[in-house]
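A.B. asks: So I've got this file, input.cif, and it contains mmCIF, N, CA and C atoms:
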```cif
data_target
#
loop_
_atom_site.label_atom_id
_atom_site.label_comp_id
_atom_site.auth_asym_id
_atom_site.auth_seq_id
_atom_site.Cartn_x
_atom_site.Cartn_y
_atom_site.Cartn_z
N MET A 222 -9.40 -12.57 18.64
CA MET A 222 -9.67 -11.14 18.59
C MET A 222 -8.51 -10.39 17.93
N ALA A 223 -7.30 -10.65 18.39
CA ALA A 223 -6.13 -9.95 17.84
C ALA A 223 -5.94 -10.26 16.36
N PHE A 224 -6.22 -11.51 15.99
CA PHE A 224 -6.07 -11.88 14.59
C PHE A 224 -7.08 -11.14 13.71
N SER A 225 -8.30 -10.99 14.18
CA SER A 225 -9.29 -10.29 13.38
C SER A 225 -8.95 -8.81 13.25
N VAL A 226 -8.38 -8.22 14.28
CA VAL A 226 -7.94 -6.83 14.21
C VAL A 226 -6.82 -6.69 13.19
N MET A 227 -5.86 -7.60 13.25
CA MET A 227 -4.75 -7.58 12.29
C MET A 227 -5.25 -7.79 10.87
N ARG A 228 -6.19 -8.72 10.70
CA ARG A 228 -6.75 -9.00 9.39
C ARG A 228 -7.48 -7.77 8.84
N ASN A 229 -8.23 -7.11 9.69
CA ASN A 229 -8.94 -5.90 9.26
C ASN A 229 -7.98 -4.78 8.88
N LYS A 230 -6.91 -4.63 9.65
CA LYS A 230 -5.90 -3.62 9.32
C LYS A 230 -5.24 -3.92 7.99
N ARG A 231 -4.92 -5.20 7.77
CA ARG A 231 -4.29 -5.60 6.51
C ARG A 231 -5.24 -5.34 5.35
N LYS A 232 -6.50 -5.70 5.51
CA LYS A 232 -7.48 -5.48 4.45
C LYS A 232 -7.63 -3.98 4.17
N SER A 233 -7.60 -3.20 5.21
CA SER A 233 -7.70 -1.75 5.05
C SER A 233 -6.50 -1.20 4.27
N ARG A 234 -5.29 -1.71 4.58
CA ARG A 234 -4.09 -1.29 3.83
C ARG A 234 -4.20 -1.68 2.37
N TRP A 235 -4.66 -2.90 2.12
CA TRP A 235 -4.83 -3.35 0.73
C TRP A 235 -5.81 -2.45 0.00
N ASN A 236 -6.97 -2.22 0.62
CA ASN A 236 -7.98 -1.38 -0.02
C ASN A 236 -7.45 0.01 -0.30
N GLN A 237 -6.72 0.57 0.64
CA GLN A 237 -6.16 1.91 0.47
C GLN A 237 -5.18 1.94 -0.70
N ARG A 238 -4.26 0.99 -0.73
CA ARG A 238 -3.25 0.99 -1.80
C ARG A 238 -3.89 0.71 -3.16
N LEU A 239 -4.82 -0.23 -3.22
CA LEU A 239 -5.49 -0.53 -4.48
C LEU A 239 -6.33 0.66 -4.95
N SER A 240 -6.92 1.36 -4.03
CA SER A 240 -7.68 2.56 -4.36
C SER A 240 -6.76 3.62 -4.96
N GLU A 241 -5.57 3.77 -4.40
CA GLU A 241 -4.58 4.72 -4.93
C GLU A 241 -4.16 4.34 -6.35
N ILE A 242 -3.91 3.06 -6.56
CA ILE A 242 -3.53 2.59 -7.90
C ILE A 242 -4.65 2.89 -8.88
N PHE A 243 -5.87 2.57 -8.49
CA PHE A 243 -7.02 2.80 -9.36
C PHE A 243 -7.13 4.29 -9.71
N GLN A 244 -7.01 5.15 -8.73
CA GLN A 244 -7.14 6.59 -8.97
C GLN A 244 -6.06 7.12 -9.90
N GLU A 245 -4.85 6.54 -9.82
CA GLU A 245 -3.78 6.94 -10.73
C GLU A 245 -4.15 6.65 -12.18
N TRP A 246 -4.88 5.58 -12.41
CA TRP A 246 -5.24 5.17 -13.77
C TRP A 246 -6.58 5.74 -14.22
N ASP A 247 -7.40 6.20 -13.32
CA ASP A 247 -8.70 6.78 -13.65
C ASP A 247 -8.51 8.26 -13.96
N LYS A 248 -7.91 8.55 -15.10
CA LYS A 248 -7.52 9.91 -15.47
C LYS A 248 -8.71 10.85 -15.58
N ASP A 249 -9.84 10.36 -16.08
CA ASP A 249 -11.01 11.22 -16.27
C ASP A 249 -11.91 11.27 -15.03
N LYS A 250 -11.48 10.62 -13.95
CA LYS A 250 -12.21 10.60 -12.67
C LYS A 250 -13.66 10.13 -12.83
N SER A 251 -13.87 9.17 -13.71
CA SER A 251 -15.21 8.64 -13.96
C SER A 251 -15.59 7.53 -12.99
N GLY A 252 -14.60 7.03 -12.23
CA GLY A 252 -14.87 5.93 -11.31
C GLY A 252 -14.75 4.57 -11.98
N SER A 253 -14.21 4.57 -13.20
CA SER A 253 -14.00 3.30 -13.90
C SER A 253 -12.76 3.39 -14.78
N ILE A 254 -12.19 2.23 -15.07
CA ILE A 254 -11.04 2.15 -15.97
C ILE A 254 -11.35 1.12 -17.06
N SER A 255 -10.60 1.18 -18.13
CA SER A 255 -10.81 0.24 -19.23
C SER A 255 -10.13 -1.09 -18.92
N VAL A 256 -10.53 -2.09 -19.67
CA VAL A 256 -9.91 -3.41 -19.54
C VAL A 256 -8.43 -3.30 -19.90
N GLU A 257 -8.11 -2.48 -20.90
CA GLU A 257 -6.71 -2.30 -21.30
C GLU A 257 -5.89 -1.68 -20.17
N GLN A 258 -6.46 -0.73 -19.47
CA GLN A 258 -5.76 -0.13 -18.33
C GLN A 258 -5.53 -1.17 -17.24
N MET A 259 -6.53 -1.98 -16.98
CA MET A 259 -6.39 -3.01 -15.95
C MET A 259 -5.34 -4.03 -16.38
N ARG A 260 -5.33 -4.37 -17.65
CA ARG A 260 -4.32 -5.30 -18.17
C ARG A 260 -2.92 -4.73 -17.95
N GLU A 261 -2.77 -3.43 -18.19
CA GLU A 261 -1.47 -2.78 -18.02
C GLU A 261 -1.05 -2.76 -16.54
N ILE A 262 -1.99 -2.49 -15.65
CA ILE A 262 -1.69 -2.50 -14.21
C ILE A 262 -1.18 -3.88 -13.80
N PHE A 263 -1.87 -4.92 -14.23
CA PHE A 263 -1.47 -6.27 -13.85
C PHE A 263 -0.14 -6.64 -14.50
N ARG A 264 0.13 -6.14 -15.70
CA ARG A 264 1.41 -6.41 -16.36
C ARG A 264 2.54 -5.76 -15.56
N ILE A 265 2.33 -4.53 -15.11
CA ILE A 265 3.34 -3.81 -14.34
C ILE A 265 3.67 -4.56 -13.05
N TYR A 266 2.64 -5.08 -12.39
CA TYR A 266 2.85 -5.80 -11.13
C TYR A 266 3.16 -7.29 -11.33
N LYS A 267 3.27 -7.67 -12.59
CA LYS A 267 3.66 -9.04 -12.97
C LYS A 267 2.73 -10.09 -12.37
N VAL A 268 1.42 -9.82 -12.50
CA VAL A 268 0.40 -10.74 -12.04
C VAL A 268 -0.48 -11.09 -13.24
N GLU A 269 -0.79 -12.37 -13.36
CA GLU A 269 -1.60 -12.83 -14.48
C GLU A 269 -3.03 -12.33 -14.34
N LEU A 270 -3.57 -11.84 -15.44
CA LEU A 270 -4.94 -11.33 -15.48
C LEU A 270 -5.78 -12.29 -16.31
N ASN A 271 -6.78 -12.87 -15.70
CA ASN A 271 -7.67 -13.80 -16.39
C ASN A 271 -8.77 -13.00 -17.09
N MET A 272 -8.71 -12.94 -18.41
CA MET A 272 -9.64 -12.12 -19.19
C MET A 272 -11.08 -12.61 -19.07
N GLU A 273 -11.27 -13.89 -18.87
CA GLU A 273 -12.63 -14.42 -18.69
C GLU A 273 -13.26 -13.86 -17.42
N ASP A 274 -12.48 -13.81 -16.36
CA ASP A 274 -12.97 -13.25 -15.10
C ASP A 274 -13.27 -11.76 -15.25
N ILE A 275 -12.43 -11.07 -15.99
CA ILE A 275 -12.58 -9.63 -16.16
C ILE A 275 -13.85 -9.30 -16.93
N LYS A 276 -14.18 -10.10 -17.91
CA LYS A 276 -15.39 -9.84 -18.70
C LYS A 276 -16.63 -9.81 -17.80
N SER A 277 -16.64 -10.63 -16.78
CA SER A 277 -17.79 -10.64 -15.87
C SER A 277 -17.80 -9.42 -14.94
N LYS A 278 -16.67 -8.74 -14.83
CA LYS A 278 -16.57 -7.57 -13.96
C LYS A 278 -16.86 -6.25 -14.68
N THR A 279 -16.97 -6.28 -15.99
CA THR A 279 -17.16 -5.03 -16.73
C THR A 279 -18.62 -4.59 -16.71
N ASN A 280 -18.81 -3.28 -16.81
CA ASN A 280 -20.17 -2.73 -16.87
C ASN A 280 -20.65 -2.70 -18.32
N SER A 281 -21.77 -2.07 -18.57
CA SER A 281 -22.36 -2.05 -19.92
C SER A 281 -21.48 -1.32 -20.93
N ARG A 282 -20.63 -0.43 -20.46
CA ARG A 282 -19.72 0.29 -21.36
C ARG A 282 -18.37 -0.41 -21.51
N GLY A 283 -18.23 -1.58 -20.90
CA GLY A 283 -16.98 -2.33 -21.00
C GLY A 283 -15.90 -1.81 -20.06
N LYS A 284 -16.30 -1.07 -19.04
CA LYS A 284 -15.35 -0.51 -18.07
C LYS A 284 -15.45 -1.27 -16.76
N ILE A 285 -14.41 -1.11 -15.95
CA ILE A 285 -14.34 -1.79 -14.65
C ILE A 285 -14.46 -0.74 -13.55
N GLN A 286 -15.44 -0.93 -12.69
CA GLN A 286 -15.67 -0.01 -11.58
C GLN A 286 -14.60 -0.21 -10.50
N LYS A 287 -14.40 0.81 -9.70
CA LYS A 287 -13.38 0.78 -8.65
C LYS A 287 -13.58 -0.40 -7.69
N SER A 288 -14.80 -0.61 -7.24
CA SER A 288 -15.05 -1.70 -6.28
C SER A 288 -14.74 -3.06 -6.90
N ASP A 289 -15.06 -3.24 -8.18
CA ASP A 289 -14.76 -4.50 -8.86
C ASP A 289 -13.26 -4.67 -9.05
N PHE A 290 -12.57 -3.56 -9.34
CA PHE A 290 -11.11 -3.60 -9.47
C PHE A 290 -10.47 -4.04 -8.16
N ILE A 291 -10.90 -3.44 -7.06
CA ILE A 291 -10.33 -3.77 -5.75
C ILE A 291 -10.63 -5.21 -5.39
N GLU A 292 -11.87 -5.63 -5.58
CA GLU A 292 -12.26 -7.01 -5.25
C GLU A 292 -11.45 -8.02 -6.06
N TYR A 293 -11.35 -7.81 -7.37
CA TYR A 293 -10.61 -8.74 -8.21
C TYR A 293 -9.11 -8.71 -7.88
N SER A 294 -8.58 -7.53 -7.63
CA SER A 294 -7.15 -7.39 -7.35
C SER A 294 -6.76 -8.09 -6.05
N ILE A 295 -7.65 -8.05 -5.07
CA ILE A 295 -7.39 -8.76 -3.82
C ILE A 295 -7.41 -10.27 -4.07
N GLU A 296 -8.42 -10.73 -4.82
CA GLU A 296 -8.51 -12.16 -5.14
C GLU A 296 -7.30 -12.64 -5.92
N ALA A 297 -6.83 -11.81 -6.86
CA ALA A 297 -5.70 -12.18 -7.71
C ALA A 297 -4.35 -11.90 -7.05
N LYS A 298 -4.39 -11.33 -5.84
CA LYS A 298 -3.17 -11.00 -5.09
C LYS A 298 -2.25 -10.08 -5.89
N LEU A 299 -2.86 -9.00 -6.38
CA LEU A 299 -2.08 -8.01 -7.13
C LEU A 299 -0.95 -7.45 -6.28
N LEU A 300 -1.23 -7.21 -5.02
CA LEU A 300 -0.22 -6.69 -4.09
C LEU A 300 0.07 -7.70 -3.02
N ASP A 301 1.31 -7.77 -2.61
CA ASP A 301 1.66 -8.60 -1.47
C ASP A 301 2.00 -7.67 -0.32
N LEU A 302 0.98 -7.31 0.44
CA LEU A 302 1.19 -6.41 1.56
C LEU A 302 1.31 -7.15 2.88
N THR A 303 1.50 -8.46 2.80
CA THR A 303 1.63 -9.22 4.03
C THR A 303 3.01 -9.06 4.63
N ASP A 304 3.99 -8.61 3.84
CA ASP A 304 5.34 -8.40 4.35
C ASP A 304 5.41 -7.01 4.97
N VAL A 305 5.33 -6.95 6.27
CA VAL A 305 5.36 -5.67 6.97
C VAL A 305 6.76 -5.35 7.48
N SER A 306 7.75 -6.15 7.13
CA SER A 306 9.10 -5.92 7.65
C SER A 306 9.62 -4.56 7.23
N SER A 307 9.30 -4.11 6.00
CA SER A 307 9.79 -2.81 5.55
C SER A 307 9.10 -1.69 6.32
N SER A 308 7.81 -1.85 6.65
CA SER A 308 7.14 -0.82 7.43
C SER A 308 7.67 -0.80 8.85
N ARG A 309 8.03 -1.95 9.37
CA ARG A 309 8.61 -1.99 10.72
C ARG A 309 9.94 -1.26 10.73
N LYS A 310 10.74 -1.45 9.68
CA LYS A 310 12.03 -0.77 9.60
C LYS A 310 11.81 0.73 9.59
N THR A 311 10.82 1.19 8.85
CA THR A 311 10.54 2.62 8.78
C THR A 311 10.16 3.15 10.15
N VAL A 312 9.30 2.43 10.84
CA VAL A 312 8.87 2.86 12.17
C VAL A 312 10.03 2.83 13.14
N SER A 313 10.84 1.78 13.10
CA SER A 313 11.93 1.66 14.06
C SER A 313 13.03 2.68 13.80
N ASN A 314 13.12 3.21 12.58
CA ASN A 314 14.14 4.20 12.27
C ASN A 314 13.68 5.62 12.56
N ARG A 315 12.41 5.81 12.92
CA ARG A 315 11.92 7.15 13.24
C ARG A 315 12.65 7.66 14.47
N GLY A 316 12.90 8.95 14.46
CA GLY A 316 13.55 9.55 15.61
C GLY A 316 15.06 9.43 15.57
N LYS A 317 15.60 8.81 14.55
CA LYS A 317 17.05 8.69 14.47
C LYS A 317 17.64 9.76 13.56
N GLY A 318 16.77 10.63 13.05
CA GLY A 318 17.22 11.74 12.22
C GLY A 318 17.72 12.85 13.12
N LYS A 319 17.25 14.08 12.86
CA LYS A 319 17.69 15.23 13.65
C LYS A 319 17.31 15.09 15.12
N GLU A 320 16.08 14.59 15.37
CA GLU A 320 15.66 14.42 16.76
C GLU A 320 16.59 13.47 17.49
N GLY A 321 16.93 12.38 16.85
CA GLY A 321 17.84 11.41 17.46
C GLY A 321 19.21 12.00 17.69
N GLU A 322 19.68 12.79 16.72
CA GLU A 322 20.97 13.45 16.87
C GLU A 322 20.95 14.43 18.03
N GLU A 323 19.84 15.18 18.16
CA GLU A 323 19.72 16.14 19.26
C GLU A 323 19.74 15.43 20.60
N ARG A 324 19.02 14.31 20.68
CA ARG A 324 19.01 13.56 21.95
C ARG A 324 20.42 13.08 22.29
N MET A 325 21.13 12.59 21.27
CA MET A 325 22.48 12.10 21.52
C MET A 325 23.40 13.23 21.96
N SER A 326 23.31 14.40 21.32
CA SER A 326 24.17 15.51 21.70
C SER A 326 23.81 16.02 23.08
N ASN A 327 22.52 16.02 23.44
CA ASN A 327 22.10 16.42 24.79
C ASN A 327 22.67 15.46 25.83
N LYS A 328 22.68 14.18 25.53
CA LYS A 328 23.24 13.20 26.46
C LYS A 328 24.72 13.45 26.66
N LYS A 329 25.43 13.74 25.55
CA LYS A 329 26.87 13.99 25.65
C LYS A 329 27.14 15.24 26.48
N GLU A 330 26.32 16.29 26.23
CA GLU A 330 26.50 17.53 27.00
C GLU A 330 26.21 17.29 28.47
N HIS A 331 25.17 16.51 28.73
CA HIS A 331 24.81 16.21 30.11
C HIS A 331 25.95 15.47 30.81
N ARG A 332 26.57 14.54 30.10
CA ARG A 332 27.70 13.79 30.68
C ARG A 332 28.88 14.73 30.95
N LYS A 333 29.12 15.67 30.03
CA LYS A 333 30.24 16.59 30.22
C LYS A 333 30.02 17.50 31.42
N LYS A 334 28.78 17.95 31.62
CA LYS A 334 28.48 18.87 32.72
C LYS A 334 28.49 18.18 34.08
N LYS A 335 28.16 16.93 34.12
CA LYS A 335 28.01 16.22 35.37
C LYS A 335 29.29 16.24 36.24
N PRO A 336 30.45 15.91 35.70
CA PRO A 336 31.65 15.89 36.56
C PRO A 336 32.02 17.27 37.10
N SER A 337 31.77 18.33 36.37
CA SER A 337 32.16 19.67 36.81
C SER A 337 31.19 20.25 37.84
N GLU A 338 30.02 19.66 37.99
CA GLU A 338 29.04 20.17 38.94
C GLU A 338 29.33 19.77 40.34
#
```
Turn this file's structure into structure tokens for me.

C.D. replies:
Amino acid sequence: MAFSVMRNKRKSRWNQRLSEIFQEWDKDKSGSISVEQMREIFRIYKVELNMEDIKSKTNSRGKIQKSDFIEYSIEAKLLDLTDVSSSRKTVSNRGKGKEGEERMSNKKEHRKKKPSE
């Protein structure tokens, strides 16, 4: 059960990030990108793009729909979102900014007041 929940969360993160990437490249908001744009995305992420596979994903206008982009990108492992260590660091560092400083100063003040009371 826990593994399926984790797997679903991971898939959701992948879909979200791939959707964001797609939207960045879909300048005309048509819901599709060109093969050249997809080639450039894969070049940027340093992942090999199999042109034979891509030809089967294109529509009648030679464009790639968002759902096909996401599906192929997951299969080709365009993103490696399995490393959650950086997200854990972000979460564990929350509250250490101003809020953390305030808590620390309150503790110091509390310690100072205690002996005089």

A.B. asks: Separation of CA of Gln286 in chain A and CA of Glu245 in chain A, in Å?

C.D. replies: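 Atom-to-atom, CA of Gln286 in chain A to CA of Glu245 in chain A, that is 13.8 Å.
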
A.B. asks: Choose the residue, out of A:Leu239, A:Phe290, A:Arg260, A:Asp301, that has the smallest atom-to-atom separation from Lys278 in chain A; count all atoms listed in the file.

C.D. replies: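 Closest candidate: A:Phe290.
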
A.B. asks: Tell me, in Å to one decimal, how far CA of Ser253 in chain A is from CA of Ile285 in chain A.

C.D. replies: 5.2 Å

A.B. asks: Let me make sure I understand: among A:Lys298, A:Arg234, A:Lys287, A:Lys250, which one has the smallest atom-to-atom distance to Tyr266 in chain A if we use only C-alpha atoms?

C.D. replies: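 Among the listed residues, A:Lys298 lies closest to Tyr266 in chain A.
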
A.B. asks: Find the residues near Leu299 in chain A: any atom within 8 Å, counting only N, CA and C atoms, skip ones fewer than 4 places away on the same chain, and give them as a ChimeraX atom specification.

C.D. replies: /A:262-263,266-269,293-295

A.B. asks: Can you complete the atoms of range 245-256 of chain A to all heavy atoms and list them as an mmCIF file, in the frame of the given file?

C.D. replies:
```
data_model
loop_
_atom_site.group_PDB
_atom_site.id
_atom_site.type_symbol
_atom_site.label_atom_id
_atom_site.label_comp_id
_atom_site.auth_asym_id
_atom_site.auth_seq_id
_atom_site.Cartn_x
_atom_site.Cartn_y
_atom_site.Cartn_z
ATOM 1 N N GLU A 245 -4.850 6.540 -9.820
ATOM 2 C CA GLU A 245 -3.780 6.940 -10.730
ATOM 3 C C GLU A 245 -4.150 6.650 -12.180
ATOM 4 O O GLU A 245 -3.772 7.396 -13.080
ATOM 5 C CB GLU A 245 -2.490 6.204 -10.389
ATOM 6 C CG GLU A 245 -1.851 6.659 -9.097
ATOM 7 C CD GLU A 245 -0.674 5.782 -8.688
ATOM 8 O OE1 GLU A 245 -0.138 5.032 -9.535
ATOM 9 O OE2 GLU A 245 -0.306 5.832 -7.503
ATOM 10 N N TRP A 246 -4.880 5.580 -12.410
ATOM 11 C CA TRP A 246 -5.240 5.170 -13.770
ATOM 12 C C TRP A 246 -6.580 5.740 -14.220
ATOM 13 O O TRP A 246 -6.865 5.752 -15.411
ATOM 14 C CB TRP A 246 -5.239 3.647 -13.867
ATOM 15 C CG TRP A 246 -3.853 3.104 -13.857
ATOM 16 C CD1 TRP A 246 -3.062 2.862 -12.775
ATOM 17 C CD2 TRP A 246 -3.060 2.781 -14.989
ATOM 18 N NE1 TRP A 246 -1.838 2.388 -13.167
ATOM 19 C CE2 TRP A 246 -1.805 2.326 -14.532
ATOM 20 C CE3 TRP A 246 -3.288 2.815 -16.364
ATOM 21 C CZ2 TRP A 246 -0.791 1.923 -15.382
ATOM 22 C CZ3 TRP A 246 -2.278 2.406 -17.221
ATOM 23 C CH2 TRP A 246 -1.049 1.971 -16.727
ATOM 24 N N ASP A 247 -7.400 6.200 -13.320
ATOM 25 C CA ASP A 247 -8.700 6.780 -13.650
ATOM 26 C C ASP A 247 -8.510 8.260 -13.960
ATOM 27 O O ASP A 247 -8.893 9.135 -13.186
ATOM 28 C CB ASP A 247 -9.682 6.576 -12.491
ATOM 29 C CG ASP A 247 -11.076 7.093 -12.807
ATOM 30 O OD1 ASP A 247 -11.397 7.313 -13.989
ATOM 31 O OD2 ASP A 247 -11.848 7.273 -11.848
ATOM 32 N N LYS A 248 -7.910 8.550 -15.100
ATOM 33 C CA LYS A 248 -7.520 9.910 -15.470
ATOM 34 C C LYS A 248 -8.710 10.850 -15.580
ATOM 35 O O LYS A 248 -8.626 12.006 -15.213
ATOM 36 C CB LYS A 248 -6.747 9.910 -16.803
ATOM 37 C CG LYS A 248 -5.495 9.064 -16.795
ATOM 38 C CD LYS A 248 -4.445 9.633 -15.905
ATOM 39 C CE LYS A 248 -3.179 8.813 -16.006
ATOM 40 N NZ LYS A 248 -2.260 9.049 -14.945
ATOM 41 N N ASP A 249 -9.840 10.360 -16.080
ATOM 42 C CA ASP A 249 -11.010 11.220 -16.270
ATOM 43 C C ASP A 249 -11.910 11.270 -15.030
ATOM 44 O O ASP A 249 -12.968 11.894 -15.048
ATOM 45 C CB ASP A 249 -11.806 10.811 -17.499
ATOM 46 C CG ASP A 249 -12.362 9.397 -17.409
ATOM 47 O OD1 ASP A 249 -12.097 8.692 -16.411
ATOM 48 O OD2 ASP A 249 -13.071 8.999 -18.360
ATOM 49 N N LYS A 250 -11.480 10.620 -13.950
ATOM 50 C CA LYS A 250 -12.210 10.600 -12.670
ATOM 51 C C LYS A 250 -13.660 10.130 -12.830
ATOM 52 O O LYS A 250 -14.546 10.599 -12.139
ATOM 53 C CB LYS A 250 -12.190 11.995 -12.025
ATOM 54 C CG LYS A 250 -10.822 12.598 -11.863
ATOM 55 C CD LYS A 250 -9.986 11.780 -10.925
ATOM 56 C CE LYS A 250 -8.623 12.430 -10.756
ATOM 57 N NZ LYS A 250 -7.564 11.513 -10.556
ATOM 58 N N SER A 251 -13.870 9.170 -13.710
ATOM 59 C CA SER A 251 -15.210 8.640 -13.960
ATOM 60 C C SER A 251 -15.590 7.530 -12.990
ATOM 61 O O SER A 251 -16.734 7.109 -12.941
ATOM 62 C CB SER A 251 -15.298 8.106 -15.396
ATOM 63 O OG SER A 251 -14.431 6.994 -15.550
ATOM 64 N N GLY A 252 -14.600 7.030 -12.230
ATOM 65 C CA GLY A 252 -14.870 5.930 -11.310
ATOM 66 C C GLY A 252 -14.750 4.570 -11.980
ATOM 67 O O GLY A 252 -15.116 3.556 -11.402
ATOM 68 N N SER A 253 -14.210 4.570 -13.200
ATOM 69 C CA SER A 253 -14.000 3.300 -13.900
ATOM 70 C C SER A 253 -12.760 3.390 -14.780
ATOM 71 O O SER A 253 -12.322 4.481 -15.149
ATOM 72 C CB SER A 253 -15.230 2.954 -14.759
ATOM 73 O OG SER A 253 -15.439 3.951 -15.733
ATOM 74 N N ILE A 254 -12.190 2.230 -15.070
ATOM 75 C CA ILE A 254 -11.040 2.150 -15.970
ATOM 76 C C ILE A 254 -11.350 1.120 -17.060
ATOM 77 O O ILE A 254 -12.231 0.288 -16.901
ATOM 78 C CB ILE A 254 -9.736 1.758 -15.232
ATOM 79 C CG1 ILE A 254 -9.884 0.404 -14.527
ATOM 80 C CG2 ILE A 254 -9.320 2.853 -14.266
ATOM 81 C CD1 ILE A 254 -8.602 -0.125 -13.899
ATOM 82 N N SER A 255 -10.600 1.180 -18.130
ATOM 83 C CA SER A 255 -10.810 0.240 -19.230
ATOM 84 C C SER A 255 -10.130 -1.090 -18.920
ATOM 85 O O SER A 255 -9.263 -1.177 -18.050
ATOM 86 C CB SER A 255 -10.241 0.819 -20.528
ATOM 87 O OG SER A 255 -8.822 0.858 -20.474
ATOM 88 N N VAL A 256 -10.530 -2.090 -19.670
ATOM 89 C CA VAL A 256 -9.910 -3.410 -19.540
ATOM 90 C C VAL A 256 -8.430 -3.300 -19.900
ATOM 91 O O VAL A 256 -7.580 -3.934 -19.259
ATOM 92 C CB VAL A 256 -10.633 -4.448 -20.431
ATOM 93 C CG1 VAL A 256 -9.892 -5.772 -20.443
ATOM 94 C CG2 VAL A 256 -12.069 -4.635 -19.958
#
```
